[in-house]
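Below: structure-v3.csv (CSV, N, CA and C atoms and all ligand atoms)
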```csv
chain,number,residue,atom,x,y,z
A,23,MET,N,114.2,62.7,165.2
A,23,MET,CA,112.8,62.8,164.7
A,23,MET,C,112.4,61.4,164.3
A,24,ASN,N,111.3,60.8,164.8
A,24,ASN,CA,110.9,59.5,164.4
A,24,ASN,C,109.9,59.7,163.2
A,25,LEU,N,109.5,58.5,162.7
A,25,LEU,CA,108.6,58.6,161.5
A,25,LEU,C,107.3,59.2,161.8
A,26,PHE,N,106.8,59.0,163.0
A,26,PHE,CA,105.5,59.6,163.3
A,26,PHE,C,105.5,61.1,163.3
A,27,THR,N,106.5,61.7,164.0
A,27,THR,CA,106.6,63.1,164.0
A,27,THR,C,107.0,63.7,162.6
A,28,PHE,N,107.7,62.9,161.9
A,28,PHE,CA,108.1,63.3,160.5
A,28,PHE,C,106.8,63.5,159.7
A,29,SER,N,105.9,62.6,159.7
A,29,SER,CA,104.7,62.7,158.8
A,29,SER,C,103.8,63.8,159.4
A,30,ALA,N,103.7,63.8,160.7
A,30,ALA,CA,102.9,64.8,161.4
A,30,ALA,C,103.4,66.2,161.0
A,31,HIS,N,104.7,66.4,160.9
A,31,HIS,CA,105.3,67.7,160.7
A,31,HIS,C,104.9,68.1,159.2
A,32,PHE,N,104.9,67.2,158.3
A,32,PHE,CA,104.7,67.6,156.9
A,32,PHE,C,103.2,67.5,156.5
A,33,GLY,N,102.4,66.9,157.3
A,33,GLY,CA,101.0,66.9,157.0
A,33,GLY,C,100.5,65.9,156.0
A,34,ASP,N,101.1,65.9,154.8
A,34,ASP,CA,100.7,64.9,153.8
A,34,ASP,C,101.9,64.4,153.0
A,35,GLU,N,101.6,63.4,152.2
A,35,GLU,CA,102.7,62.8,151.4
A,35,GLU,C,103.3,63.8,150.4
A,36,ASN,N,102.5,64.6,149.8
A,36,ASN,CA,103.1,65.5,148.8
A,36,ASN,C,104.0,66.5,149.4
A,37,ALA,N,103.5,67.0,150.5
A,37,ALA,CA,104.4,68.0,151.2
A,37,ALA,C,105.7,67.4,151.7
A,38,CYS,N,105.6,66.2,152.1
A,38,CYS,CA,106.7,65.4,152.6
A,38,CYS,C,107.7,65.2,151.4
A,39,ARG,N,107.1,64.7,150.3
A,39,ARG,CA,108.0,64.4,149.2
A,39,ARG,C,108.6,65.7,148.6
A,40,GLN,N,107.8,66.7,148.6
A,40,GLN,CA,108.4,68.0,148.1
A,40,GLN,C,109.6,68.4,148.9
A,41,HIS,N,109.4,68.3,150.2
A,41,HIS,CA,110.5,68.6,151.1
A,41,HIS,C,111.7,67.7,150.8
A,42,LEU,N,111.5,66.5,150.6
A,42,LEU,CA,112.6,65.6,150.3
A,42,LEU,C,113.3,65.9,149.0
A,43,LYS,N,112.5,66.3,148.0
A,43,LYS,CA,113.1,66.7,146.7
A,43,LYS,C,114.0,67.9,146.9
A,44,GLU,N,113.5,68.9,147.6
A,44,GLU,CA,114.3,70.1,147.8
A,44,GLU,C,115.6,69.8,148.6
A,45,GLU,N,115.5,69.0,149.6
A,45,GLU,CA,116.7,68.6,150.3
A,45,GLU,C,117.6,67.8,149.4
A,46,ARG,N,117.1,67.0,148.6
A,46,ARG,CA,117.9,66.2,147.7
A,46,ARG,C,118.6,67.0,146.6
A,47,ASP,N,117.9,68.0,146.2
A,47,ASP,CA,118.6,68.9,145.2
A,47,ASP,C,119.7,69.7,145.8
A,48,LYS,N,119.6,70.0,147.1
A,48,LYS,CA,120.7,70.7,147.8
A,48,LYS,C,121.9,69.8,147.9
A,49,ILE,N,121.6,68.5,148.3
A,49,ILE,CA,122.7,67.5,148.4
A,49,ILE,C,123.3,67.2,147.1
A,50,GLY,N,122.5,67.1,146.1
A,50,GLY,CA,122.9,66.7,144.8
A,50,GLY,C,122.7,65.2,144.6
A,51,VAL,N,122.5,64.8,143.3
A,51,VAL,CA,122.3,63.4,143.0
A,51,VAL,C,123.5,62.8,142.3
A,52,VAL,N,123.9,61.7,142.8
A,52,VAL,CA,125.0,61.0,142.1
A,52,VAL,C,124.6,59.6,141.7
A,53,GLY,N,124.7,59.3,140.5
A,53,GLY,CA,124.3,58.0,140.0
A,53,GLY,C,125.0,56.9,140.7
A,54,GLN,N,124.2,55.8,141.0
A,54,GLN,CA,124.8,54.7,141.7
A,54,GLN,C,125.7,53.8,140.9
A,55,LEU,N,125.4,53.8,139.6
A,55,LEU,CA,126.2,52.9,138.7
A,55,LEU,C,127.5,53.5,138.3
A,56,PHE,N,127.5,54.8,137.8
A,56,PHE,CA,128.7,55.4,137.2
A,56,PHE,C,129.1,56.7,137.9
A,57,SER,N,128.4,57.0,139.0
A,57,SER,CA,128.7,58.2,139.7
A,57,SER,C,128.4,59.5,138.8
A,58,CYS,N,127.4,59.3,138.0
A,58,CYS,CA,127.1,60.5,137.1
A,58,CYS,C,126.5,61.6,138.0
A,59,LYS,N,126.6,62.8,137.5
A,59,LYS,CA,126.2,63.9,138.4
A,59,LYS,C,125.1,64.7,137.7
A,60,ASN,N,124.8,64.5,136.4
A,60,ASN,CA,123.8,65.3,135.8
A,60,ASN,C,122.5,64.4,135.6
A,61,HIS,N,121.4,64.9,136.2
A,61,HIS,CA,120.2,64.2,136.1
A,61,HIS,C,119.0,65.1,135.8
A,62,TYR,N,118.0,64.4,135.1
A,62,TYR,CA,116.7,65.1,134.9
A,62,TYR,C,115.9,64.7,136.1
A,63,TRP,N,114.9,65.5,136.4
A,63,TRP,CA,113.9,65.1,137.4
A,63,TRP,C,112.7,64.7,136.7
A,64,ILE,N,112.2,63.5,137.0
A,64,ILE,CA,111.0,63.0,136.4
A,64,ILE,C,109.9,63.1,137.4
A,65,LYS,N,109.1,64.1,137.3
A,65,LYS,CA,108.1,64.4,138.3
A,65,LYS,C,107.1,63.3,138.4
A,66,SER,N,106.6,62.8,137.3
A,66,SER,CA,105.6,61.8,137.4
A,66,SER,C,106.0,60.5,138.1
A,67,ARG,N,107.3,60.2,138.1
A,67,ARG,CA,107.8,59.0,138.7
A,67,ARG,C,108.5,59.3,140.0
A,68,TRP,N,108.7,60.5,140.3
A,68,TRP,CA,109.5,60.9,141.5
A,68,TRP,C,110.8,60.2,141.5
A,69,ASN,N,111.4,60.3,140.3
A,69,ASN,CA,112.8,59.7,140.1
A,69,ASN,C,113.6,60.7,139.4
A,70,TYR,N,114.9,60.5,139.6
A,70,TYR,CA,115.9,61.2,138.7
A,70,TYR,C,116.3,60.3,137.6
A,71,GLU,N,116.6,60.8,136.4
A,71,GLU,CA,117.1,60.0,135.4
A,71,GLU,C,118.4,60.6,134.9
A,72,CYS,N,119.4,59.8,134.7
A,72,CYS,CA,120.7,60.3,134.3
A,72,CYS,C,120.7,60.8,132.9
A,73,LYS,N,121.3,61.9,132.6
A,73,LYS,CA,121.3,62.4,131.3
A,73,LYS,C,122.2,61.6,130.3
A,74,SER,N,123.2,60.9,130.9
A,74,SER,CA,124.0,60.1,130.0
A,74,SER,C,123.7,58.7,129.9
A,75,CYS,N,123.6,58.0,131.0
A,75,CYS,CA,123.4,56.5,131.0
A,75,CYS,C,121.9,56.2,131.2
A,76,ARG,N,121.1,57.1,131.5
A,76,ARG,CA,119.6,56.9,131.7
A,76,ARG,C,119.3,56.0,132.9
A,77,SER,N,120.2,55.8,133.8
A,77,SER,CA,119.8,55.1,135.0
A,77,SER,C,118.9,55.9,135.9
A,78,ARG,N,118.1,55.3,136.6
A,78,ARG,CA,117.1,56.0,137.5
A,78,ARG,C,117.6,55.9,138.9
A,79,THR,N,117.4,57.0,139.6
A,79,THR,CA,117.7,57.1,141.0
A,79,THR,C,116.5,57.6,141.7
A,80,SER,N,116.0,56.8,142.6
A,80,SER,CA,114.8,57.3,143.3
A,80,SER,C,115.1,58.4,144.3
A,81,LEU,N,114.1,59.1,144.6
A,81,LEU,CA,114.3,60.3,145.5
A,81,LEU,C,115.0,60.0,146.8
A,82,CYS,N,114.7,58.8,147.3
A,82,CYS,CA,115.2,58.5,148.6
A,82,CYS,C,116.5,57.6,148.6
A,83,SER,N,116.9,57.1,147.5
A,83,SER,CA,118.0,56.2,147.6
A,83,SER,C,119.3,57.0,148.0
A,84,GLY,N,120.1,56.4,148.8
A,84,GLY,CA,121.3,57.0,149.3
A,84,GLY,C,121.0,58.0,150.4
A,85,THR,N,119.8,58.1,150.9
A,85,THR,CA,119.6,58.9,152.0
A,85,THR,C,119.1,58.1,153.2
A,86,ILE,N,118.9,58.8,154.3
A,86,ILE,CA,118.4,58.1,155.5
A,86,ILE,C,117.0,57.5,155.3
A,87,MET,N,116.3,58.1,154.3
A,87,MET,CA,114.9,57.6,154.1
A,87,MET,C,114.9,56.3,153.4
A,88,GLN,N,115.9,55.9,152.8
A,88,GLN,CA,115.9,54.6,152.1
A,88,GLN,C,115.7,53.4,153.1
A,89,GLY,N,114.8,52.6,152.7
A,89,GLY,CA,114.5,51.4,153.6
A,89,GLY,C,113.5,51.7,154.7
A,90,SER,N,113.0,52.9,154.7
A,90,SER,CA,112.0,53.2,155.8
A,90,SER,C,110.7,52.7,155.4
A,91,ASN,N,109.8,52.7,156.3
A,91,ASN,CA,108.5,52.1,156.0
A,91,ASN,C,107.4,53.1,155.8
A,92,LEU,N,107.8,54.3,155.5
A,92,LEU,CA,106.8,55.3,155.1
A,92,LEU,C,106.0,54.8,153.9
A,93,SER,N,104.7,54.9,154.0
A,93,SER,CA,103.8,54.3,153.0
A,93,SER,C,104.1,54.8,151.6
A,94,PHE,N,104.3,56.0,151.4
A,94,PHE,CA,104.5,56.5,150.0
A,94,PHE,C,105.8,56.1,149.4
A,95,LEU,N,106.8,55.8,150.3
A,95,LEU,CA,108.1,55.4,149.7
A,95,LEU,C,108.0,54.0,149.1
A,96,THR,N,107.1,53.2,149.5
A,96,THR,CA,106.9,51.9,148.9
A,96,THR,C,106.3,51.9,147.5
A,97,LYS,N,105.7,53.1,147.2
A,97,LYS,CA,105.1,53.3,145.9
A,97,LYS,C,106.1,53.8,144.9
A,98,LEU,N,107.2,54.2,145.3
A,98,LEU,CA,108.1,54.8,144.3
A,98,LEU,C,108.8,53.7,143.4
A,101,ZN,ZN,124.6,57.9,134.5
```
Would you write out, as structure tokens, the structure that this file holds?
Ligand SMILES: [Zn+2]
Amino acid sequence: MNLFTFSAHFGDENACRQHLKEERDKIGVVGQLFSCKNHYWIKSRWNYECKSCRSRTSLCSGTIMQGSNLSFLTKL
């Protein structure tokens, strides 16, 4: 699936992000600094925050979406 069909499939950014969030929750979030596994979801920032060290993990870090040029990802 290329980026064009990806965005066409989801229709808009929110639908796309919501889908990414659901997929990410299934995979699980692991902190990049200390490999922490317990995170809060901060909806206003579309980030996870670690419950112990407070480090932030963006929705797309560590996934194939990281580094892509999708417009909304650059706002995260
Ligand atoms: Zn942590």
Write out as JSON lines a residue-level contact list of chain A versus ligand ZN 101 (chain A) with cut-off 5 Å: for each qualifying residue the closest pair of atoms and the distance in Å to one decimal, counting all atoms listed in the file, rows sorted by chain and residue number upward.
```
{"residue": "A:Cys58", "atom": "CA", "partner": "A:ZN101", "partner_atom": "ZN", "distance": 4.4}
{"residue": "A:Cys72", "atom": "CA", "partner": "A:ZN101", "partner_atom": "ZN", "distance": 4.6}
{"residue": "A:Ser74", "atom": "C", "partner": "A:ZN101", "partner_atom": "ZN", "distance": 4.8}
{"residue": "A:Cys75", "atom": "N", "partner": "A:ZN101", "partner_atom": "ZN", "distance": 3.6}
{"residue": "A:Arg76", "atom": "N", "partner": "A:ZN101", "partner_atom": "ZN", "distance": 4.7}
{"residue": "A:Ser77", "atom": "N", "partner": "A:ZN101", "partner_atom": "ZN", "distance": 4.9}
```
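From atom N of Leu81 (chain A) back to atom N of Ile64 (chain A), the distance works out to 9.0 Å.
CA of Tyr70 (chain A) sits 14.1 Å away from CA of Phe56 (chain A).
Running DSSP on the backbone and keeping only strand (DSSP E), the residues of region 24-71 of chain A that qualify are His61, Tyr62, Trp63, Ile64, Asn69, Tyr70 and Glu71 of chain A.
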Box in all listed atoms of region 62-79 of chain A, axis-aligned, with 4 Å more on each side; write out centre and edge lengths in Å to one decimal as AutoDock Vina command-line options.
```
--center_x 114.8 --center_y 60.3 --center_z 135.8 --size_x 26.4 --size_y 18.4 --size_z 19.8
```
Fill in: Residue with smallest distance to Lys43 (chain A) - pool A:Lys59, A:Glu71, A:Ser66, A:Cys82, counting all atoms listed in the file
A:Cys82
Response to the item:
re CA of Gln40 (chain A) and CA of Trp68 (chain A): distance 9.8 Å
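Within 6.5 Å of the point (112.4, 55.8, 139.0), counting all atoms listed in the file, the protein and nucleic acid residues come to A:Arg67, A:Trp68, A:Asn69, A:Tyr70, A:Arg78, A:Thr79, A:Ser80, A:Leu98.
All residues within region 40-77 of chain A that the backbone DSSP calculation assigns to helix (DSSP H, G or I) are Gln40, His41, Leu42, Lys43, Glu44, Glu45, Arg46, Asp47, Lys48 and Ile49 of chain A.
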